[in-house]
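Source file: coords-v4.txt (compact mmCIF, C-alpha atoms and all ligand atoms)
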# COMPACT_ATOMS: atom_id res chain seq x y z
CA MET A 181 0.00 0.00 0.00
CA ALA A 182 1.27 3.41 -0.84
CA PHE A 183 1.68 5.44 2.30
CA VAL A 184 -0.08 8.76 1.90
CA SER A 185 2.26 11.41 3.16
CA SER A 186 0.78 13.70 5.76
CA GLU A 187 1.35 16.75 3.64
CA THR A 188 -0.57 15.44 0.65
CA SER A 189 -3.66 14.88 2.73
CA VAL A 190 -3.48 18.22 4.48
CA THR A 191 -5.80 20.14 2.23
CA HIS A 192 -8.48 17.49 2.55
CA ALA A 193 -8.51 17.06 6.28
CA LEU A 194 -7.36 20.43 7.53
CA SER A 195 -9.07 23.35 5.90
CA ALA A 196 -8.67 25.69 8.88
CA ARG A 197 -6.14 28.51 8.77
CA ALA A 198 -4.69 30.60 11.53
CA VAL A 199 -3.57 34.22 11.41
CA LYS A 200 -2.02 36.40 14.05
CA ILE A 201 -1.95 39.96 15.29
CA LEU A 202 0.68 41.21 17.71
CA ILE A 203 -0.06 43.39 20.73
CA ALA A 204 3.17 45.18 21.55
CA GLY A 205 4.30 48.06 23.74
CA GLY A 206 6.41 48.72 26.79
CA PHE A 207 6.52 46.88 30.06
CA GLY A 208 3.20 46.81 31.96
CA VAL A 209 1.26 48.82 29.38
CA GLY A 210 -1.70 46.42 29.31
CA LYS A 211 -0.81 43.93 26.57
CA THR A 212 -1.94 40.85 28.47
CA THR A 213 -5.06 42.67 29.68
CA MET A 214 -6.01 43.47 26.10
CA VAL A 215 -5.40 39.91 24.90
CA GLY A 216 -7.56 38.63 27.77
CA SER A 217 -10.40 41.07 27.24
CA VAL A 218 -11.14 39.91 23.68
CA SER A 219 -9.96 36.31 23.75
CA GLU A 220 -12.47 33.46 23.88
CA ILE A 221 -10.09 31.53 26.11
CA ARG A 222 -8.25 32.60 29.21
CA PRO A 223 -4.89 33.90 27.89
CA LEU A 224 -2.42 31.07 27.47
CA ARG A 225 1.28 31.32 27.92
CA THR A 226 3.87 29.78 25.68
CA GLU A 227 7.60 30.07 25.82
CA GLU A 228 10.52 29.81 23.51
CA MET A 229 14.17 29.28 24.12
CA LEU A 230 16.14 31.97 22.39
CA THR A 231 19.85 31.84 21.85
CA GLU A 232 21.64 35.12 22.13
CA LEU A 233 25.04 35.40 20.55
CA SER A 234 27.57 37.31 22.53
CA SER A 235 29.95 39.55 20.64
CA GLY A 236 32.95 38.08 18.87
CA VAL A 237 31.46 34.71 18.16
CA ASP A 238 33.18 32.46 15.69
CA ASP A 239 30.41 31.16 13.46
CA LEU A 240 32.26 28.02 12.53
CA SER A 241 32.80 26.73 16.02
CA GLY A 242 29.30 27.69 16.97
CA VAL A 243 29.05 26.69 20.58
CA GLU A 244 30.87 29.22 22.69
CA ASP A 245 29.50 32.52 23.92
CA LYS A 246 25.90 31.57 23.47
CA THR A 247 23.41 32.17 26.19
CA THR A 248 19.95 30.70 26.07
CA THR A 249 17.05 32.63 27.53
CA THR A 250 13.51 31.45 27.97
CA VAL A 251 11.06 34.10 26.84
CA ALA A 252 7.34 33.84 27.51
CA LEU A 253 4.44 35.41 25.71
CA ASP A 254 0.72 35.41 26.33
CA PHE A 255 -1.79 34.77 23.65
CA GLY A 256 -5.50 34.51 23.12
CA ARG A 257 -7.71 33.03 20.47
CA ILE A 258 -10.71 34.24 18.52
CA THR A 259 -12.40 31.65 16.33
CA ILE A 260 -13.59 33.76 13.42
CA ASN A 261 -15.31 30.80 11.79
CA PRO A 262 -14.63 27.05 11.69
CA ASP A 263 -11.98 27.63 9.05
CA LEU A 264 -10.29 30.73 10.38
CA ILE A 265 -8.69 31.29 13.76
CA LEU A 266 -7.18 34.57 14.89
CA TYR A 267 -4.47 34.50 17.52
CA LEU A 268 -3.51 37.60 19.46
CA PHE A 269 0.01 37.53 20.82
CA GLY A 270 1.06 39.92 23.56
CA THR A 271 4.77 40.44 23.09
CA PRO A 272 7.06 40.10 26.10
CA GLY A 273 7.57 43.39 27.95
CA GLN A 274 11.32 43.15 27.68
CA GLU A 275 11.88 44.13 24.09
CA ARG A 276 15.44 42.99 23.90
CA PHE A 277 14.13 39.43 23.83
CA TRP A 278 11.32 39.59 21.36
CA PHE A 279 13.38 41.58 18.91
CA MET A 280 15.43 38.46 18.30
CA TRP A 281 12.32 36.36 17.90
CA ASP A 282 11.92 36.39 14.14
CA GLU A 283 9.09 33.92 14.06
CA LEU A 284 6.94 36.14 16.24
CA ALA A 285 6.62 38.89 13.64
CA TYR A 286 6.81 36.63 10.62
CA GLU A 287 3.61 36.78 8.57
CA ALA A 288 1.72 38.72 11.24
CA LEU A 289 -1.27 40.52 9.71
CA GLY A 290 -0.41 43.62 11.70
CA ALA A 291 0.28 44.96 15.15
CA VAL A 292 -1.19 47.18 17.83
CA VAL A 293 1.37 49.24 19.73
CA LEU A 294 -0.05 50.09 23.15
CA ALA A 295 1.14 53.34 24.63
CA ASP A 296 0.94 54.76 28.13
CA THR A 297 0.97 58.55 28.23
CA ARG A 298 2.90 58.51 31.51
CA ARG A 299 5.84 57.07 29.62
CA LEU A 300 5.29 57.35 25.90
CA GLU A 301 8.94 56.64 25.23
CA SER A 302 8.49 53.04 26.36
CA CYS A 303 6.82 52.19 23.06
CA PHE A 304 9.43 53.84 20.81
CA ALA A 305 11.24 50.56 20.37
CA ALA A 306 8.12 48.71 19.25
CA VAL A 307 7.20 51.47 16.76
CA ASP A 308 10.72 51.35 15.41
CA PHE A 309 10.65 47.57 15.11
CA PHE A 310 7.44 47.45 13.07
CA GLU A 311 8.57 50.31 10.85
CA ARG A 312 11.81 48.49 10.06
CA ARG A 313 10.08 45.20 9.40
CA GLU A 314 7.39 46.92 7.36
CA ILE A 315 4.68 45.35 9.46
CA PRO A 316 1.59 47.57 9.43
CA PHE A 317 0.78 48.83 12.90
CA MET A 318 -1.43 51.27 14.74
CA VAL A 319 -1.07 53.01 18.07
CA ALA A 320 -3.61 52.62 20.86
CA VAL A 321 -3.18 54.83 23.90
CA ASN A 322 -4.28 52.86 26.94
CA CYS A 323 -5.84 55.44 29.23
CA PHE A 324 -4.74 54.70 32.74
CA ASP A 325 -6.44 56.56 35.58
CA ASN A 326 -4.72 59.84 36.42
CA ALA A 327 -2.49 59.60 33.38
CA PRO A 328 -1.89 62.89 31.53
CA LEU A 329 -4.34 63.39 28.71
CA TYR A 330 -2.96 64.10 25.29
CA GLU A 331 -4.57 64.94 22.02
CA ILE A 332 -4.12 62.32 19.35
CA HIS A 333 -1.93 64.64 17.29
CA GLU A 334 0.33 65.19 20.28
CA VAL A 335 0.83 61.46 20.63
CA ARG A 336 1.62 61.19 16.92
CA GLU A 337 4.13 64.00 17.22
CA ALA A 338 5.76 62.53 20.30
CA LEU A 339 6.16 59.20 18.53
CA SER A 340 6.98 60.90 15.22
CA ILE A 341 4.63 58.68 13.28
CA ASP A 342 2.80 59.47 10.10
CA ASN A 343 -0.74 60.86 10.13
CA ALA A 344 -1.84 57.84 8.14
CA ILE A 345 -1.13 55.53 11.06
CA PRO A 346 -4.32 55.12 13.06
CA THR A 347 -3.95 56.38 16.61
CA VAL A 348 -6.79 55.92 19.07
CA LEU A 349 -7.54 56.11 22.77
CA CYS A 350 -8.71 52.97 24.54
CA ASP A 351 -9.26 51.20 27.82
CA VAL A 352 -8.00 47.68 27.29
CA ARG A 353 -9.82 46.41 30.39
CA LYS A 354 -13.06 46.85 28.47
CA ARG A 355 -13.84 44.23 25.89
CA ASN A 356 -15.69 46.65 23.69
CA SER A 357 -12.82 49.12 23.68
CA SER A 358 -10.26 46.42 22.80
CA LYS A 359 -12.59 45.16 20.11
CA GLN A 360 -12.85 48.68 18.66
CA VAL A 361 -9.04 48.88 18.50
CA LEU A 362 -8.94 45.66 16.50
CA VAL A 363 -11.68 46.90 14.16
CA THR A 364 -9.60 50.04 13.53
CA LEU A 365 -6.53 47.93 12.79
CA LEU A 366 -8.38 45.67 10.35
CA GLU A 367 -9.96 48.63 8.54
CA TYR A 368 -6.50 50.12 8.20
CA LEU A 369 -5.07 46.83 6.88
CA ILE A 370 -7.88 46.52 4.37
CA GLY A 371 -7.21 50.08 3.19
CA LEU A 372 -3.53 49.24 2.73
CA ALA A 373 -4.31 46.04 0.86
CA ARG A 374 -6.67 47.94 -1.39
CA SER A 375 -4.14 50.63 -2.28
CA ALA A 376 -1.51 47.95 -2.84
CA THR A 377 -3.68 46.14 -5.39
CA ALA A 378 -5.12 49.23 -7.09
CA PRO A 379 -1.90 50.34 -8.88
CA ALA A 380 -1.30 46.75 -10.02
CA GLU A 381 -4.72 46.68 -11.65
CA ALA A 382 -3.97 49.98 -13.34
CA ASP A 383 -0.75 48.44 -14.74
CA VAL A 384 -2.68 45.52 -16.15
CA ALA A 385 -5.16 47.89 -17.80
CA GLU A 386 -2.33 49.89 -19.33
CA SER A 387 -0.55 46.89 -20.75
CA ARG A 388 -3.65 45.77 -22.61
CA MET B 101 23.88 17.41 25.22
CA LYS B 102 23.30 19.31 28.41
CA LEU B 103 19.77 20.24 27.52
CA GLU B 104 18.07 18.12 30.17
CA ASN B 105 20.15 19.69 32.87
CA GLU B 106 19.76 23.21 31.70
CA PHE B 107 16.02 23.14 31.34
CA TRP B 108 15.01 20.58 33.90
CA PHE B 109 11.63 21.30 35.38
CA ASP B 110 10.69 21.49 39.05
CA GLU B 111 9.96 18.25 40.84
CA ASP B 112 6.27 19.04 40.84
CA ALA B 113 6.23 19.35 37.08
CA GLY B 114 6.10 15.55 37.28
CA PRO B 115 5.47 13.83 33.96
CA LEU B 116 6.21 17.02 32.06
CA VAL B 117 9.89 16.47 32.62
CA ARG B 118 9.89 13.48 30.33
CA PRO B 119 9.45 15.14 26.95
CA TYR B 120 12.94 16.55 27.27
CA ALA B 121 14.06 12.99 27.48
CA VAL B 122 11.66 11.97 24.71
CA ALA B 123 12.99 14.80 22.57
CA ARG B 124 16.41 13.39 23.50
CA GLY B 125 17.84 16.83 23.75
CA ARG B 126 16.94 17.56 20.15
CA THR B 127 16.40 21.24 19.61
CA ARG B 128 16.08 21.10 15.85
CA PRO B 129 12.76 19.80 14.58
CA THR B 130 13.11 17.65 11.46
CA ARG B 131 10.46 19.84 9.90
CA HIS B 132 11.52 23.42 9.51
CA ASN B 133 8.24 24.85 8.36
CA LEU B 134 6.49 24.56 11.70
CA GLU B 135 5.57 27.88 13.25
CA MET B 136 3.70 29.07 16.33
CA THR B 137 0.50 29.48 14.37
CA THR B 138 0.84 26.35 12.27
CA LEU B 139 -2.30 24.31 12.94
CA VAL B 140 -2.00 20.63 13.75
CA VAL B 141 -4.65 17.95 13.97
CA ALA B 142 -4.52 14.21 14.66
CA ALA B 143 -4.73 12.27 11.42
CA ARG B 144 -6.62 9.39 13.01
CA THR B 145 -9.20 9.14 15.71
CA ASP B 146 -8.19 5.77 17.14
CA ARG B 147 -6.78 6.25 20.58
CA ASP B 148 -4.61 3.17 20.90
CA VAL B 149 -1.67 4.10 18.76
CA ASN B 150 1.42 2.67 20.35
CA VAL B 151 3.45 5.77 21.11
CA ASP B 152 5.06 7.25 24.20
CA ARG B 153 2.88 9.06 26.65
CA GLU B 154 3.67 12.63 25.56
CA TYR B 155 2.93 11.80 21.95
CA ALA B 156 -0.34 10.17 23.01
CA HIS B 157 -1.18 13.28 25.02
CA ILE B 158 -0.63 15.48 21.97
CA LEU B 159 -2.78 13.18 19.82
CA ARG B 160 -5.63 13.37 22.34
CA MET B 161 -5.38 17.16 22.44
CA CYS B 162 -5.32 17.49 18.68
CA GLN B 163 -8.64 15.90 17.81
CA GLN B 164 -9.57 19.49 16.85
CA PRO B 165 -7.14 21.74 14.98
CA LEU B 166 -4.88 23.55 17.43
CA SER B 167 -1.97 25.89 16.93
CA ILE B 168 1.48 24.74 17.95
CA ALA B 169 1.44 27.61 20.46
CA GLU B 170 -1.64 26.09 22.14
CA VAL B 171 -0.04 22.66 22.28
CA SER B 172 3.03 24.25 23.83
CA ALA B 173 0.99 26.18 26.39
CA THR B 174 -1.08 23.15 27.35
CA LEU B 175 1.95 20.89 27.74
CA ASN B 176 3.85 23.71 29.44
CA LEU B 177 6.82 23.06 27.19
CA PRO B 178 8.87 25.48 25.08
CA LEU B 179 7.81 25.77 21.45
CA VAL B 180 11.00 24.21 20.18
CA VAL B 181 10.48 21.02 22.17
CA VAL B 182 6.88 20.78 21.00
CA LYS B 183 8.02 21.24 17.41
CA VAL B 184 10.44 18.33 17.80
CA LEU B 185 7.65 16.08 19.13
CA LEU B 186 5.20 17.22 16.45
CA SER B 187 7.79 16.68 13.72
CA ASP B 188 8.00 13.05 14.82
CA LEU B 189 4.22 12.66 14.81
CA ILE B 190 4.02 14.24 11.35
CA ASP B 191 6.81 12.01 10.05
CA TRP B 192 4.91 8.96 11.35
CA GLY B 193 1.74 10.09 9.60
CA LEU B 194 -0.14 10.53 12.87
CA VAL B 195 -0.57 14.29 12.67
CA ILE B 196 -1.22 16.60 9.75
CA PHE B 197 -0.48 20.28 9.73
CA ARG B 198 -1.23 23.46 7.89
CA SER B 199 1.07 26.44 7.75
CA PRO B 200 -0.39 29.91 8.25
CA PRO B 201 -1.27 31.69 5.00
CA ARG B 202 1.56 33.77 3.58
CA THR B 203 0.73 37.47 3.56
CA SER B 204 1.91 37.46 -0.05
CA ASP B 205 -0.94 35.10 -0.95
CA VAL B 206 -3.39 36.70 -3.33
CA PRO B 207 -6.76 36.57 -1.55
CA GLN B 208 -5.41 38.73 1.27
CA MET B 209 -8.37 41.07 1.00
CA GLU B 210 -10.92 38.32 1.59
CA LEU B 211 -8.95 37.07 4.54
CA LEU B 212 -8.78 40.51 6.13
CA GLN B 213 -12.47 41.10 5.50
CA ALA B 214 -13.34 37.79 7.15
CA VAL B 215 -11.24 38.69 10.19
CA LEU B 216 -12.89 42.11 10.41
CA ASP B 217 -16.38 40.60 10.19
CA GLY B 218 -15.47 38.13 12.91
CA ILE B 219 -14.17 40.83 15.24
CA ARG B 220 -17.25 42.97 14.69
CA LYS B 221 -19.38 40.04 15.82
CA LEU B 222 -17.54 39.69 19.13
N1 LIG C 1 -6.13 51.60 35.48
C1 LIG C 1 -5.83 50.79 34.49
N2 LIG C 1 -5.05 49.72 34.76
C2 LIG C 1 -4.74 48.88 33.76
C3 LIG C 1 -5.17 49.10 32.45
N3 LIG C 1 -4.67 48.13 31.66
C4 LIG C 1 -3.95 47.35 32.46
N4 LIG C 1 -3.99 47.78 33.73
C5 LIG C 1 -3.29 47.16 34.84
O1 LIG C 1 -1.91 47.34 34.61
C6 LIG C 1 -1.20 46.18 35.00
C7 LIG C 1 -0.35 45.63 33.87
O2 LIG C 1 -1.19 45.15 32.85
P1 LIG C 1 -0.75 43.94 31.91
O3 LIG C 1 -1.88 43.67 31.00
O4 LIG C 1 -0.22 42.80 32.70
O5 LIG C 1 0.43 44.61 31.13
P2 LIG C 1 1.46 43.92 30.14
O6 LIG C 1 1.73 44.93 29.08
O7 LIG C 1 0.99 42.59 29.71
O8 LIG C 1 2.72 43.78 31.08
P3 LIG C 1 4.08 42.97 30.81
O9 LIG C 1 3.72 41.73 30.07
O10 LIG C 1 4.61 42.72 32.17
O11 LIG C 1 4.95 43.90 30.02
C8 LIG C 1 -2.23 45.18 35.50
O12 LIG C 1 -2.29 45.26 36.92
C9 LIG C 1 -3.53 45.67 34.90
O13 LIG C 1 -4.65 45.37 35.69
C10 LIG C 1 -6.01 50.23 32.19
O14 LIG C 1 -6.45 50.47 31.09
N5 LIG C 1 -6.29 51.04 33.24
MG MG C 2 2.01 40.72 29.78

How would this structure read if it were set down as structure tokens?
Ligand SMILES: Nc1nc2c(ncn2[C@@H]2O[C@H](COP(=O)(O)OP(=O)(O)OP(=O)(O)O)[C@@H](O)[C@H]2O)c(=O)[nH]1
Ligand SMILES: [Mg+2]
Amino acid sequence: MAFVSSETSVTHALSARAVKILIAGGFGVGKTTMVGSVSEIRPLRTEEMLTELSSGVDDLSGVEDKTTTTVALDFGRITINPDLILYLFGTPGQERFWFMWDELAYEALGAVVLADTRRLESCFAAVDFFERREIPFMVAVNCFDNAPLYEIHEVREALSIDNAIPTVLCDVRKRNSSKQVLVTLLEYLIGLARSATAPAEADVAESR
Amino acid sequence: MKLENEFWFDEDAGPLVRPYAVARGRTRPTRHNLEMTTLVVAARTDRDVNVDREYAHILRMCQQPLSIAEVSATLNLPLVVVKVLLSDLIDWGLVIFRSPPRTSDVPQMELLQAVLDGIRKL
């Protein structure tokens, strides 16, 4: 009997797909709270072992000067329909770890950068990361009690981000508010996808 | 390999210590295309496949499609260890998997619209 390889049968038995959105931002800004407020499951925690190369490593010998760190991240799940699952990953607060975690950002639909107006600078690194990787992101200002109130344009200026990047106020403890942030992100992503395909269609028309 | 020593779990982690031994210190899954959001599902429903306990545990969990991240969280094991175990199960034909859609795939718009509709319904 010919043994059917698992990959050949995949499309028949496993039609579901999974996509992910990252919730990033500085330490203690409310990432896990946001994941939990919209997730259908209690946030789960997974961890990865990351190997950090110290300076002056000889690639060929490979073993010396490597330190392995275990980095944890929280995630939640939203079953969009039986064939589509959305995972929300709250990045670890300590950026220096998730920055080396290539798989985390790989093929993410987009990201929400949470900001705290008491220390806006703590999300600079995340903004920078997504800009470099060309991962579409938005900024959501998590309004903590007694935190200084800023106008949206002031936040944009402080973070020196483009006007096109959606920036909203939210309270991540409230499900509806977190949901609204995600709606804003998806509308933004759809807009980007539309403008990315529009010029291509124009090209096709021209070449006819 | 020093892996078992370096990442040994607490005493009370009990049976969860074993997968490090089952993984035999392997930190490189035979399958390189497994990611956190790759979905896995058991290929068969029969429960009495003759495999080690951790593999059997994964097979029981994966009667419904689950992401590798969920398997890792439930087993309380690092992603890399879970990928090693899942690679074995896939190689043996006991588990099938599906990689997340590439963002370069064409029907991106439909995908995004479906996600948006789903979020609006929350
Ligand atoms: N007042 C107020 N407190 C909040 C809000 N969001 C989160 N908190 C609290 O702030 C603390 C940190 O929230 P987390 O969700 O754990 O933050 P995090 O970004 O996941 O933190 P790390 O993972 O440690 O970086 C918790 O005690 C929350 O209850 C908010 O909108 N308002
Ligand atoms: Mg957290």

Show me, as a Markdown table, the residues of chain A having an atom within 6 Å of chain B, each with the closest atom pair and its distance in Å, using all atoms listed in the file.
| residue | atom | partner | partner_atom | distance |
| --- | --- | --- | --- | --- |
| A:Ser186 | CA | B:Ile196 | CA | 5.3 |
| A:Val190 | CA | B:Ile196 | CA | 6.0 |
| A:Arg197 | CA | B:Pro200 | CA | 5.9 |
| A:Ala198 | CA | B:Pro200 | CA | 5.5 |
| A:Arg225 | CA | B:Ala173 | CA | 5.4 |
| A:Thr226 | CA | B:Ala173 | CA | 4.7 |
| A:Glu227 | CA | B:Pro178 | CA | 4.8 |
| A:Glu228 | CA | B:Pro178 | CA | 4.9 |
| A:Ile260 | CA | B:Gly218 | CA | 4.8 |
| A:Glu287 | CA | B:Thr203 | CA | 5.8 |
| A:Leu366 | CA | B:Leu216 | CA | 5.7 |

Would you save the residues of that selection, restricted to C-alpha atoms, as a PDB file, keeping the file's coordinate frame?
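That gives us part_2.pdb:
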ATOM      1  CA  SER A 186       0.780  13.700   5.760  1.00  0.00           C
ATOM      2  CA  VAL A 190      -3.480  18.220   4.480  1.00  0.00           C
ATOM      3  CA  ARG A 197      -6.140  28.510   8.770  1.00  0.00           C
ATOM      4  CA  ALA A 198      -4.690  30.600  11.530  1.00  0.00           C
ATOM      5  CA  ARG A 225       1.280  31.320  27.920  1.00  0.00           C
ATOM      6  CA  THR A 226       3.870  29.780  25.680  1.00  0.00           C
ATOM      7  CA  GLU A 227       7.600  30.070  25.820  1.00  0.00           C
ATOM      8  CA  GLU A 228      10.520  29.810  23.510  1.00  0.00           C
ATOM      9  CA  ILE A 260     -13.590  33.760  13.420  1.00  0.00           C
ATOM     10  CA  GLU A 287       3.610  36.780   8.570  1.00  0.00           C
ATOM     11  CA  LEU A 366      -8.380  45.670  10.350  1.00  0.00           C
TER      12      LEU A 366
END

Take the point (6.6, 34.5, 24.5) as written in the file and pick out every residue within 9 Å of it, counting only C-alpha atoms; give the list as a PDB file with C-alpha atoms, keeping the file's coordinate frame.
ATOM      1  CA  ARG A 225       1.280  31.320  27.920  1.00  0.00           C
ATOM      2  CA  THR A 226       3.870  29.780  25.680  1.00  0.00           C
ATOM      3  CA  GLU A 227       7.600  30.070  25.820  1.00  0.00           C
ATOM      4  CA  GLU A 228      10.520  29.810  23.510  1.00  0.00           C
ATOM      5  CA  THR A 250      13.510  31.450  27.970  1.00  0.00           C
ATOM      6  CA  VAL A 251      11.060  34.100  26.840  1.00  0.00           C
ATOM      7  CA  ALA A 252       7.340  33.840  27.510  1.00  0.00           C
ATOM      8  CA  LEU A 253       4.440  35.410  25.710  1.00  0.00           C
ATOM      9  CA  ASP A 254       0.720  35.410  26.330  1.00  0.00           C
ATOM     10  CA  PHE A 255      -1.790  34.770  23.650  1.00  0.00           C
ATOM     11  CA  PHE A 269       0.010  37.530  20.820  1.00  0.00           C
ATOM     12  CA  GLY A 270       1.060  39.920  23.560  1.00  0.00           C
ATOM     13  CA  THR A 271       4.770  40.440  23.090  1.00  0.00           C
ATOM     14  CA  PRO A 272       7.060  40.100  26.100  1.00  0.00           C
ATOM     15  CA  TRP A 278      11.320  39.590  21.360  1.00  0.00           C
ATOM     16  CA  TRP A 281      12.320  36.360  17.900  1.00  0.00           C
ATOM     17  CA  LEU A 284       6.940  36.140  16.240  1.00  0.00           C
TER      18      LEU A 284
END

What are the closest atom pairs, with distances in Å to one decimal, for each residue of chain A lying within 9 Å of ligand LIG 1 (chain C), using all atoms listed in the file, rows by chain and rising residue number, as CSV?
residue,atom,partner,partner_atom,distance
A:Ile203,CA,C:LIG1,O6,8.7
A:Ala204,CA,C:LIG1,O6,7.7
A:Gly205,CA,C:LIG1,O6,6.7
A:Gly206,CA,C:LIG1,O11,6.0
A:Phe207,CA,C:LIG1,O11,3.4
A:Gly208,CA,C:LIG1,O8,3.2
A:Val209,CA,C:LIG1,O6,3.9
A:Gly210,CA,C:LIG1,O3,3.2
A:Lys211,CA,C:LIG1,O6,3.7
A:Thr212,CA,C:LIG1,O7,3.6
A:Thr213,CA,C:LIG1,O3,3.6
A:Met214,CA,C:LIG1,O3,6.4
A:Val215,CA,C:LIG1,O3,8.0
A:Gly216,CA,C:LIG1,O3,8.3
A:Leu253,CA,C:LIG1,O9,7.7
A:Asp254,CA,C:LIG1,O9,7.9
A:Gly270,CA,C:LIG1,O7,6.7
A:Thr271,CA,C:LIG1,O9,7.2
A:Pro272,CA,C:LIG1,O9,5.4
A:Gly273,CA,C:LIG1,O11,3.4
A:Gln274,CA,C:LIG1,O11,6.8
A:Leu294,CA,C:LIG1,O6,8.1
A:Asn322,CA,C:LIG1,O14,5.3
A:Cys323,CA,C:LIG1,O14,5.3
A:Phe324,CA,C:LIG1,N5,4.0
A:Asp325,CA,C:LIG1,N1,5.0
A:Asn326,CA,C:LIG1,N1,8.4
A:Cys350,CA,C:LIG1,O14,7.4
A:Asp351,CA,C:LIG1,O14,4.4
A:Val352,CA,C:LIG1,O14,5.0
A:Arg353,CA,C:LIG1,O14,5.3
A:Lys354,CA,C:LIG1,O14,8.0

*Mind giving me the straight-line distance from atom CA of Gly256 of chain A to atom CA of Thr364 of chain A in Å, one decimal?*
18.7 Å

*12 Å contact set for Ser340 of chain A, only C-alpha atoms, chain neighbours under 3 positions out, as JSON, numbers by chain*: {"A": [300, 301, 303, 304, 307, 308, 311, 319, 332, 333, 334, 335, 336, 337, 343, 344, 345, 347]}

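Picture a line from atom CA of Val218 of chain A to atom CA of Ser358 of chain A; it runs 6.6 Å.
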
*So how many Å separate atom CA of Asp263 of chain A and atom CA of Ala288 of chain A, to one decimal?*
17.8 Å
